[in-house]
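Q: This is the content of target-v5.tsv (TSV, C-alpha atoms):
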chain	number	residue	atom	x	y	z
A	237	ALA	CA	37.72	-21.55	13.70
A	238	LEU	CA	35.57	-24.69	13.40
A	239	THR	CA	35.16	-26.74	10.21
A	240	GLU	CA	31.80	-28.39	9.46
A	241	PRO	CA	30.37	-27.95	12.99
A	242	ARG	CA	27.05	-29.62	13.72
A	243	PHE	CA	24.55	-28.53	16.38
A	244	THR	CA	22.16	-31.35	17.21
A	245	TYR	CA	18.69	-31.30	18.71
A	246	VAL	CA	15.97	-33.89	19.17
A	247	GLY	CA	15.29	-35.35	15.74
A	248	GLY	CA	17.77	-33.34	13.68
A	249	TRP	CA	20.69	-30.93	13.40
A	250	LEU	CA	21.96	-27.63	12.07
A	251	GLU	CA	25.16	-27.83	10.03
A	252	GLN	CA	27.48	-25.07	8.75
A	253	PRO	CA	30.59	-25.28	6.53
A	254	ASN	CA	32.64	-23.35	9.08
A	255	ILE	CA	32.41	-20.93	12.00
A	256	THR	CA	34.96	-18.32	13.04
A	257	ALA	CA	34.87	-16.39	16.33
A	258	SER	CA	36.84	-13.60	18.01
A	259	PHE	CA	36.64	-12.74	21.72
A	260	ASP	CA	37.81	-9.75	23.73
A	261	GLY	CA	36.98	-9.82	27.42
A	262	GLU	CA	37.62	-11.67	30.64
A	263	TRP	CA	36.33	-14.83	32.24
A	264	SER	CA	36.95	-15.46	35.92
A	265	TRP	CA	36.87	-18.98	37.30
A	266	PRO	CA	35.85	-20.32	39.83
A	267	GLY	CA	34.01	-17.02	40.46
A	268	ASN	CA	31.98	-17.76	37.30
A	269	SER	CA	31.92	-14.13	36.18
A	270	LEU	CA	32.20	-13.03	32.56
A	271	ARG	CA	32.93	-9.66	30.97
A	272	VAL	CA	32.54	-9.46	27.21
A	273	ASP	CA	33.88	-6.35	25.50
A	274	GLN	CA	33.29	-7.93	22.10
A	275	LEU	CA	32.40	-11.39	20.85
A	276	ILE	CA	31.81	-11.88	17.13
A	277	ALA	CA	30.86	-15.20	15.50
A	278	GLN	CA	30.47	-15.69	11.76
A	279	SER	CA	29.26	-18.62	9.67
A	280	ASP	CA	27.84	-19.16	6.21
A	281	ALA	CA	24.30	-18.33	7.40
A	282	ILE	CA	24.65	-16.25	10.58
A	283	THR	CA	26.73	-13.34	11.86
A	284	ALA	CA	26.26	-12.55	15.55
A	285	GLY	CA	27.81	-10.25	18.14
A	286	LEU	CA	27.60	-10.10	21.92
A	287	ARG	CA	28.77	-7.79	24.68
A	288	GLY	CA	28.01	-7.28	28.35
A	289	LYS	CA	28.60	-9.04	31.62
A	290	SER	CA	27.37	-12.05	33.54
A	291	GLY	CA	27.87	-13.12	37.13
A	292	PRO	CA	26.26	-15.05	39.98
A	293	SER	CA	24.04	-12.12	40.99
A	294	GLU	CA	23.40	-10.25	37.73
A	295	LEU	CA	23.15	-10.57	33.98
A	296	ASP	CA	23.32	-7.80	31.38
A	297	LEU	CA	23.98	-8.85	27.77
A	298	GLU	CA	23.33	-7.24	24.39
A	299	ILE	CA	23.02	-9.59	21.43
A	300	ALA	CA	22.77	-8.65	17.75
A	301	TRP	CA	22.62	-10.89	14.68
A	302	ARG	CA	22.01	-11.05	10.94
A	303	THR	CA	20.79	-14.25	9.27
A	304	ASN	CA	20.47	-15.35	5.65
A	305	LEU	CA	17.28	-17.39	5.95
A	306	ARG	CA	17.80	-19.38	2.76
A	307	ARG	CA	21.23	-20.56	3.89
A	308	LEU	CA	19.90	-21.25	7.38
A	309	THR	CA	16.98	-23.40	6.23
A	310	ASP	CA	19.25	-25.21	3.76
A	311	SER	CA	21.42	-26.14	6.77
A	312	LEU	CA	18.60	-27.72	8.79
A	313	HIS	CA	18.19	-31.49	8.59
A	314	GLU	CA	16.07	-34.07	10.33
A	315	ARG	CA	16.13	-37.80	10.82
A	316	PRO	CA	12.99	-39.64	9.67
A	317	SER	CA	10.98	-40.87	12.65
A	318	SER	CA	11.85	-44.50	11.91
A	319	VAL	CA	15.58	-43.72	11.99
A	320	TRP	CA	15.21	-41.65	15.17
A	321	LYS	CA	13.33	-44.41	16.95
A	322	LYS	CA	15.95	-46.98	16.02
A	323	ARG	CA	18.75	-44.74	17.25
A	324	SER	CA	16.98	-43.93	20.50
A	325	THR	CA	16.37	-47.59	21.35
A	326	LYS	CA	19.67	-48.97	20.11
A	327	ARG	CA	22.69	-46.72	20.63
A	328	THR	CA	25.32	-49.02	19.18
A	329	ALA	CA	27.96	-47.84	16.71
A	330	ARG	CA	27.18	-48.17	13.02
A	331	THR	CA	29.56	-48.69	10.18
A	332	GLY	CA	30.10	-46.09	7.48
A	333	SER	CA	29.79	-42.33	7.63
A	334	LYS	CA	28.12	-40.59	10.56
A	335	ARG	CA	25.96	-38.77	8.04
A	336	SER	CA	23.39	-41.46	7.46
A	337	GLN	CA	21.92	-41.71	3.97
A	338	SER	CA	18.55	-42.04	5.69
A	339	THR	CA	18.56	-38.35	6.60
A	340	ARG	CA	16.83	-35.59	4.69
A	341	ARG	CA	16.29	-31.85	4.81
A	342	LEU	CA	14.04	-30.43	7.48
A	343	HIS	CA	11.09	-29.76	5.19
A	344	ASP	CA	10.10	-29.13	1.59
A	345	ARG	CA	9.36	-25.45	2.18
A	346	GLU	CA	11.91	-22.75	1.51
A	347	ILE	CA	12.23	-19.50	3.46
A	348	ASP	CA	14.16	-16.78	1.70
A	349	GLY	CA	15.19	-13.34	2.94
A	350	GLU	CA	17.17	-11.69	5.69
A	351	CYS	CA	16.52	-11.53	9.43
A	352	ARG	CA	18.17	-8.99	11.75
A	353	GLY	CA	17.73	-8.65	15.47
A	354	LYS	CA	18.99	-6.88	18.55
A	355	ILE	CA	17.95	-7.80	22.07
A	356	ARG	CA	19.05	-7.01	25.60
A	357	VAL	CA	18.88	-9.67	28.31
A	358	THR	CA	19.01	-8.57	31.95
A	359	GLN	CA	18.45	-10.35	35.24
A	360	ARG	CA	18.17	-8.97	38.74
A	361	ASP	CA	17.37	-11.25	41.63
A	362	GLN	CA	14.73	-13.63	40.24
A	363	LEU	CA	13.42	-11.46	37.41
A	364	LEU	CA	14.66	-12.07	33.85
A	365	GLU	CA	13.84	-9.51	31.16
A	366	VAL	CA	14.30	-9.79	27.38
A	367	ALA	CA	13.61	-6.69	25.27
A	368	GLY	CA	14.40	-6.00	21.66
A	369	THR	CA	13.50	-5.87	17.99
A	370	ILE	CA	13.59	-8.49	15.21
A	371	THR	CA	13.18	-7.48	11.56
A	372	GLY	CA	12.71	-9.66	8.50
A	373	ASN	CA	13.35	-8.18	5.05
A	374	HIS	CA	12.12	-9.46	1.67
A	375	LEU	CA	10.69	-12.69	3.05
A	376	VAL	CA	9.44	-15.40	0.70
A	377	VAL	CA	7.95	-18.74	1.74
A	378	SER	CA	7.74	-21.22	-1.16
A	379	GLN	CA	6.77	-24.85	-1.58
A	380	ARG	CA	9.61	-26.80	-3.15
A	381	ARG	CA	8.65	-29.76	-5.31
A	382	PRO	CA	10.86	-32.84	-5.65
A	383	GLY	CA	13.59	-32.23	-8.21
A	384	ASP	CA	13.39	-28.43	-8.11
A	385	SER	CA	16.72	-26.80	-8.88
A	386	LEU	CA	18.00	-23.76	-7.06
A	387	ASP	CA	17.83	-21.64	-10.24
A	388	GLU	CA	14.18	-22.55	-10.77
A	389	ARG	CA	13.34	-21.63	-7.18
A	390	LEU	CA	15.16	-18.30	-7.44
A	391	ALA	CA	13.30	-17.43	-10.62
A	392	ALA	CA	9.92	-18.23	-9.07
A	393	GLU	CA	10.70	-16.19	-5.95
A	394	GLU	CA	11.89	-13.25	-8.04
A	395	GLN	CA	8.70	-13.32	-10.10
A	396	GLN	CA	6.56	-13.00	-6.96
A	397	LEU	CA	8.78	-10.48	-5.19
A	398	ARG	CA	8.43	-8.05	-8.11
A	399	LYS	CA	4.80	-7.59	-7.10
A	400	PHE	CA	5.83	-6.01	-3.78
A	401	VAL	CA	9.47	-4.90	-4.06
A	402	SER	CA	11.10	-2.27	-6.26
A	403	ARG	CA	13.51	-3.40	-8.98
A	404	ASP	CA	16.50	-1.81	-7.21
A	405	GLU	CA	15.71	-3.56	-3.94
A	406	LEU	CA	15.13	-6.84	-5.76
A	407	LYS	CA	18.63	-6.84	-7.25
A	408	ARG	CA	20.08	-7.10	-3.74
A	409	TYR	CA	18.25	-10.33	-2.92
A	410	SER	CA	17.90	-12.12	-6.28
A	411	LYS	CA	20.27	-13.87	-8.62
A	412	PRO	CA	20.75	-11.51	-11.63
A	413	ALA	CA	21.75	-14.32	-13.98
A	414	THR	CA	18.34	-15.99	-13.60
A	415	PRO	CA	15.71	-14.23	-15.74
A	416	VAL	CA	12.11	-14.38	-14.57
A	417	GLU	CA	10.99	-15.70	-17.94
A	418	SER	CA	13.11	-18.85	-17.42
A	419	ALA	CA	10.91	-20.08	-14.57
A	420	PRO	CA	9.11	-23.23	-15.81
A	421	PRO	CA	5.37	-23.70	-15.29
A	422	ASP	CA	6.03	-26.26	-12.54
A	423	ALA	CA	8.49	-24.00	-10.65
A	424	PRO	CA	8.17	-23.88	-6.84
A	425	ARG	CA	4.91	-22.32	-5.66
A	426	VAL	CA	5.33	-19.16	-3.62
A	427	ILE	CA	3.01	-19.39	-0.62
A	428	TRP	CA	3.59	-15.93	0.87
A	429	ALA	CA	5.84	-12.90	0.43
A	430	GLU	CA	6.49	-9.93	2.72
A	431	ARG	CA	8.63	-6.88	2.04
A	432	GLN	CA	9.24	-6.41	5.75
A	433	LEU	CA	8.13	-7.82	9.09
A	434	LYS	CA	9.06	-6.22	12.39
A	435	LEU	CA	8.56	-7.72	15.84
A	436	GLU	CA	9.34	-5.80	19.02
A	437	GLY	CA	8.43	-5.93	22.67
A	438	THR	CA	9.46	-6.99	26.16
A	439	ILE	CA	9.17	-10.32	27.95
A	440	ARG	CA	9.62	-10.70	31.71
A	441	HIS	CA	9.92	-14.00	33.56
A	442	SER	CA	9.86	-14.52	37.32
A	443	SER	CA	11.57	-17.71	38.49
A	444	LYS	CA	9.84	-17.24	41.85
A	445	THR	CA	6.25	-17.21	40.57
A	446	ARG	CA	7.06	-19.16	37.37
A	447	GLN	CA	5.03	-16.65	35.38
A	448	THR	CA	6.00	-14.91	32.14
A	449	GLU	CA	4.65	-11.46	31.23
A	450	TYR	CA	4.47	-10.23	27.64
A	451	ARG	CA	4.52	-6.42	27.41
A	452	SER	CA	3.50	-4.48	24.30
A	453	ILE	CA	4.36	-7.17	21.77
A	454	GLN	CA	3.92	-5.53	18.36
A	455	LEU	CA	4.13	-7.08	14.89
A	456	ASP	CA	4.16	-4.80	11.84
A	457	SER	CA	4.03	-5.51	8.12
A	458	ASP	CA	2.88	-3.63	5.02
A	459	TRP	CA	-0.68	-4.87	5.46
A	460	MET	CA	-1.25	-5.25	9.21
A	461	THR	CA	-0.24	-4.20	12.72
A	462	THR	CA	-0.90	-6.23	15.85
A	463	LYS	CA	-0.43	-5.19	19.48
A	464	LEU	CA	-0.61	-7.83	22.19
A	465	SER	CA	0.00	-8.16	25.92
A	466	GLY	CA	-0.55	-11.05	28.29
A	467	GLN	CA	1.07	-13.70	30.38
A	468	LYS	CA	2.06	-17.34	30.60
A	469	LYS	CA	1.51	-19.47	33.67
A	470	TRP	CA	3.34	-22.72	34.35
A	471	ASP	CA	2.47	-25.04	37.21
A	472	ASP	CA	3.26	-28.73	37.74
A	473	GLY	CA	3.84	-29.47	34.06
A	474	GLN	CA	0.76	-27.58	32.85
A	475	GLY	CA	0.95	-24.20	31.14
A	476	GLU	CA	-1.29	-21.57	29.60
A	477	THR	CA	-0.37	-18.57	27.49
A	478	LEU	CA	-3.02	-15.90	26.95
A	479	LEU	CA	-2.43	-12.79	24.82
A	480	ASP	CA	-5.03	-10.07	24.24
A	481	GLY	CA	-4.83	-7.03	22.03
A	482	SER	CA	-5.84	-5.66	18.65
A	483	ILE	CA	-5.14	-6.04	14.95
A	484	ASN	CA	-5.28	-3.38	12.26
A	485	ILE	CA	-5.58	-4.70	8.68
A	486	ARG	CA	-4.99	-2.55	5.61
A	487	LEU	CA	-7.27	-4.29	3.13
A	488	PRO	CA	-5.90	-3.14	-0.27
A	489	GLN	CA	-2.40	-4.37	0.65
A	490	LEU	CA	-3.79	-7.65	1.98
A	491	ALA	CA	-5.78	-8.14	-1.23
A	492	GLN	CA	-2.59	-7.95	-3.29
A	493	ARG	CA	-1.10	-10.89	-1.43
A	494	LEU	CA	-4.32	-12.91	-1.46
A	495	SER	CA	-4.60	-12.46	-5.23
A	496	PHE	CA	-1.44	-14.36	-6.14
A	497	THR	CA	-1.82	-16.83	-3.25
A	498	ALA	CA	-5.38	-17.77	-4.25
A	499	GLY	CA	-4.77	-17.50	-7.99
A	500	ALA	CA	-7.76	-15.17	-8.42
A	501	ASP	CA	-8.28	-11.41	-8.49
A	502	VAL	CA	-9.10	-10.14	-5.00
A	503	ASN	CA	-10.02	-6.47	-4.38
A	504	LEU	CA	-10.79	-5.17	-0.90
A	505	SER	CA	-11.19	-1.62	0.37
A	506	GLY	CA	-11.06	-0.09	3.82
A	507	GLU	CA	-9.11	-0.53	7.02
A	508	HIS	CA	-10.27	-3.09	9.56
A	509	ASN	CA	-9.67	-2.85	13.32
A	510	ALA	CA	-10.59	-5.78	15.53
A	511	PRO	CA	-9.79	-7.38	18.88
A	512	LEU	CA	-7.34	-10.28	18.77
A	513	GLN	CA	-6.90	-13.07	21.29
A	514	ILE	CA	-4.31	-15.87	21.17
A	515	LYS	CA	-4.36	-18.77	23.62
A	516	LEU	CA	-1.92	-21.68	23.90
A	517	ASP	CA	-2.25	-24.63	26.28
A	518	ARG	CA	0.65	-27.01	26.83
A	519	ASN	CA	1.99	-29.76	29.03
A	520	ALA	CA	5.44	-31.25	29.49
A	521	THR	CA	5.33	-32.87	26.04
A	522	GLY	CA	4.51	-29.67	24.15
A	523	ILE	CA	1.57	-27.59	22.89
A	524	THR	CA	-1.73	-29.47	23.23
A	525	ALA	CA	-4.22	-26.82	22.11
A	526	ALA	CA	-4.13	-23.44	20.38
A	527	SER	CA	-6.77	-20.91	19.47
A	528	ILE	CA	-6.92	-17.51	17.75
A	529	ASN	CA	-10.07	-15.39	17.81
A	530	THR	CA	-10.58	-12.24	15.76
A	531	THR	CA	-12.67	-10.85	12.90
A	532	LEU	CA	-11.96	-10.05	9.25
A	533	GLY	CA	-13.90	-7.21	7.65
A	534	TRP	CA	-13.95	-4.75	4.77
A	535	ASP	CA	-15.87	-1.76	3.44
A	536	SER	CA	-16.35	-3.34	0.02
A	537	GLY	CA	-14.79	-6.12	-1.98
A	538	GLU	CA	-14.75	-8.15	-5.16
A	539	VAL	CA	-13.48	-11.68	-5.70
A	540	ALA	CA	-13.60	-13.29	-9.15
A	541	GLY	CA	-16.67	-11.37	-10.28
A	542	VAL	CA	-18.56	-11.42	-6.96
A	543	TYR	CA	-19.04	-7.97	-5.38
A	544	PHE	CA	-19.42	-7.70	-1.62
A	545	GLY	CA	-20.77	-4.97	0.63
A	546	PRO	CA	-19.51	-4.08	4.13
A	547	ALA	CA	-18.95	-7.10	6.35
A	548	SER	CA	-17.28	-8.27	9.55
A	549	ILE	CA	-16.69	-12.02	9.78
A	550	PRO	CA	-15.79	-13.75	13.07
A	551	ILE	CA	-12.89	-16.21	12.71
A	552	HIS	CA	-11.76	-18.93	15.09
A	553	ILE	CA	-8.48	-20.74	14.37
A	554	SER	CA	-7.36	-23.81	16.30
A	555	GLU	CA	-4.39	-26.11	15.92
A	556	THR	CA	-6.45	-28.29	13.55
A	557	SER	CA	-9.04	-26.10	11.84
A	558	LEU	CA	-10.43	-22.68	10.89
A	559	THR	CA	-14.09	-22.03	11.74
A	560	ILE	CA	-16.44	-19.32	10.46
A	561	PRO	CA	-19.86	-19.14	12.18
A	562	ARG	CA	-22.88	-18.30	10.06
A	563	THR	CA	-22.43	-14.72	8.82
A	564	VAL	CA	-24.49	-12.67	6.35
A	565	VAL	CA	-22.46	-10.80	3.69
A	566	PRO	CA	-24.19	-8.38	1.28
A	567	ALA	CA	-23.46	-9.28	-2.34
A	568	GLY	CA	-24.89	-7.05	-5.07
A	569	ASN	CA	-28.66	-6.93	-4.51
A	570	GLY	CA	-28.61	-10.18	-2.57
A	571	LYS	CA	-26.92	-11.96	0.30
A	572	ILE	CA	-24.35	-14.67	0.82
A	573	TYR	CA	-24.38	-16.79	3.97
A	574	LEU	CA	-20.86	-17.73	4.98
A	575	ALA	CA	-20.32	-20.65	7.33
A	576	GLY	CA	-18.02	-23.61	7.45
A	577	VAL	CA	-14.95	-25.34	8.80
A	578	VAL	CA	-11.61	-25.82	7.07
A	579	ASP	CA	-9.76	-28.81	8.52
A	580	TYR	CA	-6.03	-28.69	7.77
A	581	ARG	CA	-4.50	-31.04	10.35
A	582	PRO	CA	-4.09	-33.87	9.84
A	583	GLY	CA	-4.23	-33.60	6.06
A	584	PRO	CA	-5.55	-33.61	3.48
A	585	VAL	CA	-7.27	-30.23	3.71
A	586	THR	CA	-11.07	-30.56	3.75
A	587	ILE	CA	-13.88	-27.99	3.76
A	588	ARG	CA	-17.13	-28.70	5.60
A	589	ILE	CA	-20.13	-26.53	4.73
A	590	PRO	CA	-23.27	-26.96	6.86
A	591	PRO	CA	-26.56	-27.66	5.05
A	592	GLY	CA	-28.85	-24.74	4.36
A	593	VAL	CA	-29.29	-21.71	2.14
A	594	LEU	CA	-25.97	-20.38	0.79
A	595	ALA	CA	-27.21	-17.30	-1.08
A	596	GLU	CA	-30.29	-15.24	-1.85
A	597	SER	CA	-31.14	-13.02	-4.86
A	598	ILE	CA	-27.69	-13.33	-6.44
A	599	GLN	CA	-27.48	-12.44	-10.14
A	600	ILE	CA	-25.41	-15.08	-11.96
A	601	THR	CA	-22.98	-13.59	-14.46
A	602	GLU	CA	-20.84	-15.47	-16.97
A	603	GLU	CA	-17.70	-14.65	-14.95
A	604	MET	CA	-19.28	-16.04	-11.77
A	605	SER	CA	-20.38	-19.15	-13.64
A	606	ASP	CA	-16.89	-19.75	-14.97
A	607	LYS	CA	-15.09	-19.23	-11.67
A	608	TRP	CA	-17.48	-20.29	-8.92
A	609	LEU	CA	-20.38	-22.52	-9.99
A	610	LYS	CA	-18.15	-25.37	-11.16
A	611	TYR	CA	-17.31	-25.84	-7.47
A	612	ILE	CA	-20.71	-25.01	-5.93
A	613	ALA	CA	-23.15	-26.46	-8.51
A	614	PRO	CA	-21.46	-28.34	-11.40
A	615	PRO	CA	-24.73	-29.09	-13.27
A	616	ILE	CA	-25.32	-25.37	-14.00
A	617	GLU	CA	-21.71	-24.44	-14.77
A	618	ARG	CA	-21.37	-21.95	-17.67
A	619	VAL	CA	-24.99	-20.91	-17.52
A	620	GLU	CA	-26.08	-18.61	-20.37
Hey, can you dump this file as structure tokens for me?
A:
Amino acid sequence: ALTEPRFTYVGGWLEQPNITASFDGEWSWPGNSLRVDQLIAQSDAITAGLRGKSGPSELDLEIAWRTNLRRLTDSLHERPSSVWKKRSTKRTARTGSKRSQSTRRLHDREIDGECRGKIRVTQRDQLLEVAGTITGNHLVVSQRRPGDSLDERLAAEEQQLRKFVSRDELKRYSKPATPVESAPPDAPRVIWAERQLKLEGTIRHSSKTRQTEYRSIQLDSDWMTTKLSGQKKWDDGQGETLLDGSINIRLPQLAQRLSFTAGADVNLSGEHNAPLQIKLDRNATGITAASINTTLGWDSGEVAGVYFGPASIPIHISETSLTIPRTVVPAGNGKIYLAGVVDYRPGPVTIRIPPGVLAESIQITEEMSDKWLKYIAPPIERVE
């Protein structure tokens, strides 16, 4: 057993109150061969098991785990960049506790839920293969404001989860003593919630060619399914990952999530199928460019009093922005011309709309005036 172990990485660490482990197997040295009949490790946030064998010429291991994501994220910490720079340039001993008061949690976002996984890792000659399934249950991503208490955050998460999870399921992942009604108006903002996410597939890496192949990578949720295949190439410090496939979006389920995220009623009908391409470029220092290309479409829709006809909108997402090329969307007896760029890195978030006609023959209702015109044309807000 280990008490208060800390696992460090560049810029931060993961800390647990304690870890216990049990091992049944055999390790041969100097032959460097390992047989694991059973290895179980348990901590406050993670329970993991391993079995299999490893040797100079082969590798065959099965790994399974279960993680409490709230406890895991609460255990992640980072050093502010100023502290990290000082420590990297001057490695002299400091007085006082090793846990500097200049440290803080990894981020102000909370991830709640449970993650389970089971993978098999095998290696023959120079080919390494990883195949398995990872499942996330009752996932909630929320923005935590300074001073938020744990009870307030639990209440806010419970309030949002009730939109997608049955009451019986909710009792397993919420704190019963915290009623939803007790959540204050300034409680943490829930950014996204998923009842279940499932990722499965196979990855193969050749140490000879230095190429990685992604086979039938599939991601499933209540509102979408993606299937991707591709490869990663690495040569002299430069790398490229290219994945191609498809995405299926179930619009009514997506609209539910968009409604509480956007704070406005969103209704969409239909099922949208589209090609999906993901590309990542990187060098020795990390990812330098990223892009996602697909389309978002629906049979019909309504957002805050605006009714839309069938549409398919091309979307390009990079590491810094989201771009929509000029697209015509039927709206009532008229048309809306969508086009623009949303810049989100570095902040703050800005929206750039190119000059030109935005709409034609659109009938202005009181609901549209209340909810839309104050942003588009303030002088005619609340038109009668």
Q: Quick one: everything within 6 Å of A:Ser311, counting all atoms listed in the file, minus sequence neighbours fewer than 2 positions away in the same chain. Send it as a list in words.
A: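 Here the qualifying residues turn out to be Leu250, Glu251, Leu308 and Thr309 of chain A.
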Q: List the neighbours of A:His552 out to 9 Å using all atoms listed in the file; skip same-chain residues closer than 5 positions along the sequence, and give me the result as a PyMOL selection string.
A: chain A and resi 527-531+557-561
Q: Between atom CA of A:Asn503 and atom CA of A:Gly545, what is the distance, to one decimal in Å?
A: 12.0 Å
Q: Which of these residues is nearest to A:Pro241, using only C-alpha atoms: A:Ser465, A:Gln599, A:Asn509, A:Asn254?
A: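 Residue with the minimum atom-to-atom distance to A:Pro241: A:Asn254.
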Q: Could you name the residues that touch A:Asp348 at 8 Å or less, counting all atoms listed in the file, but leaving out those on the same chain fewer than 6 positions away, as an NGL selection string?
A: :A and (304-306 or 374-377)
Q: With a distance cut-off of 12 Å and all atoms listed in the file, select the neighbouring residues of A:Ile255, excluding the residue or stretch itself and same-chain residues fewer than 2 positions from it, and output the selection as a VMD selection string.
A: chain A and resid 237 to 243 251 to 253 257 to 258 276 to 284
Q: From the list A:Leu532, A:Val426, A:Leu464, A:Val542, which residue is nearest A:Arg451 when using all atoms listed in the file?
A: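 Of all the options, A:Leu464 lies closest to A:Arg451.
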Q: If we count all atoms listed in the file and set the cut-off at 12 Å, which residues sit around A:Phe544, ignoring sequence neighbours fewer than 5 positions away in its own chain? Please answer as an mmCIF file with C-alpha atoms, in the coordinates of the input.
A:
data_model
loop_
_atom_site.group_PDB
_atom_site.id
_atom_site.type_symbol
_atom_site.label_atom_id
_atom_site.label_comp_id
_atom_site.auth_asym_id
_atom_site.auth_seq_id
_atom_site.Cartn_x
_atom_site.Cartn_y
_atom_site.Cartn_z
ATOM 1 C CA VAL A 502 -9.100 -10.140 -5.000
ATOM 2 C CA ASN A 503 -10.020 -6.470 -4.380
ATOM 3 C CA LEU A 504 -10.790 -5.170 -0.900
ATOM 4 C CA SER A 505 -11.190 -1.620 0.370
ATOM 5 C CA GLY A 533 -13.900 -7.210 7.650
ATOM 6 C CA TRP A 534 -13.950 -4.750 4.770
ATOM 7 C CA ASP A 535 -15.870 -1.760 3.440
ATOM 8 C CA SER A 536 -16.350 -3.340 0.020
ATOM 9 C CA GLY A 537 -14.790 -6.120 -1.980
ATOM 10 C CA GLU A 538 -14.750 -8.150 -5.160
ATOM 11 C CA VAL A 539 -13.480 -11.680 -5.700
ATOM 12 C CA VAL A 564 -24.490 -12.670 6.350
ATOM 13 C CA VAL A 565 -22.460 -10.800 3.690
ATOM 14 C CA PRO A 566 -24.190 -8.380 1.280
ATOM 15 C CA ALA A 567 -23.460 -9.280 -2.340
ATOM 16 C CA GLY A 568 -24.890 -7.050 -5.070
ATOM 17 C CA ASN A 569 -28.660 -6.930 -4.510
ATOM 18 C CA GLY A 570 -28.610 -10.180 -2.570
ATOM 19 C CA LYS A 571 -26.920 -11.960 0.300
ATOM 20 C CA ILE A 572 -24.350 -14.670 0.820
ATOM 21 C CA TYR A 573 -24.380 -16.790 3.970
ATOM 22 C CA ILE A 598 -27.690 -13.330 -6.440
#
Q: Atom CA of A:Ser290 and atom CA of A:Thr438, how far apart in Å?
A: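 Atom-to-atom, atom CA of A:Thr438 and atom CA of A:Ser290 are spaced 20.0 Å apart.
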Q: Write out, as a tab-separated table, each residue of stretch 437-521 of chain A that has an atom at most 10 Å from stretch 352-357 of chain A, together with the closest pair of atoms and their distance in Å to one decimal, counting only C-alpha atoms, rows going by chain and rising number.
A:
residue	atom	partner	partner_atom	distance
A:Gly437	CA	A:Ile355	CA	9.7
A:Thr438	CA	A:Ile355	CA	9.5
A:Ile439	CA	A:Val357	CA	9.7
A:Arg440	CA	A:Val357	CA	9.9
Q: Compare A:Val593, A:Ala500, A:Asp579, A:Met460 by their minimum atom-to-atom distance to A:Gly541, counting only C-alpha atoms, and give me the closest one.
A: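 For A:Gly541, the nearest of the candidates is A:Ala500.
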Q: Which one of A:Leu478, A:Ile347, A:Leu512, A:Ala367 sits closest to A:Ile299 if you count only C-alpha atoms?
A: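 Distance minimum relative to A:Ile299 lands on A:Ala367.
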Q: For the atom pair atom CA of A:Ser442 and atom CA of A:Leu275, what is the interatomic distance in Å to one decimal place?
A: 28.1 Å
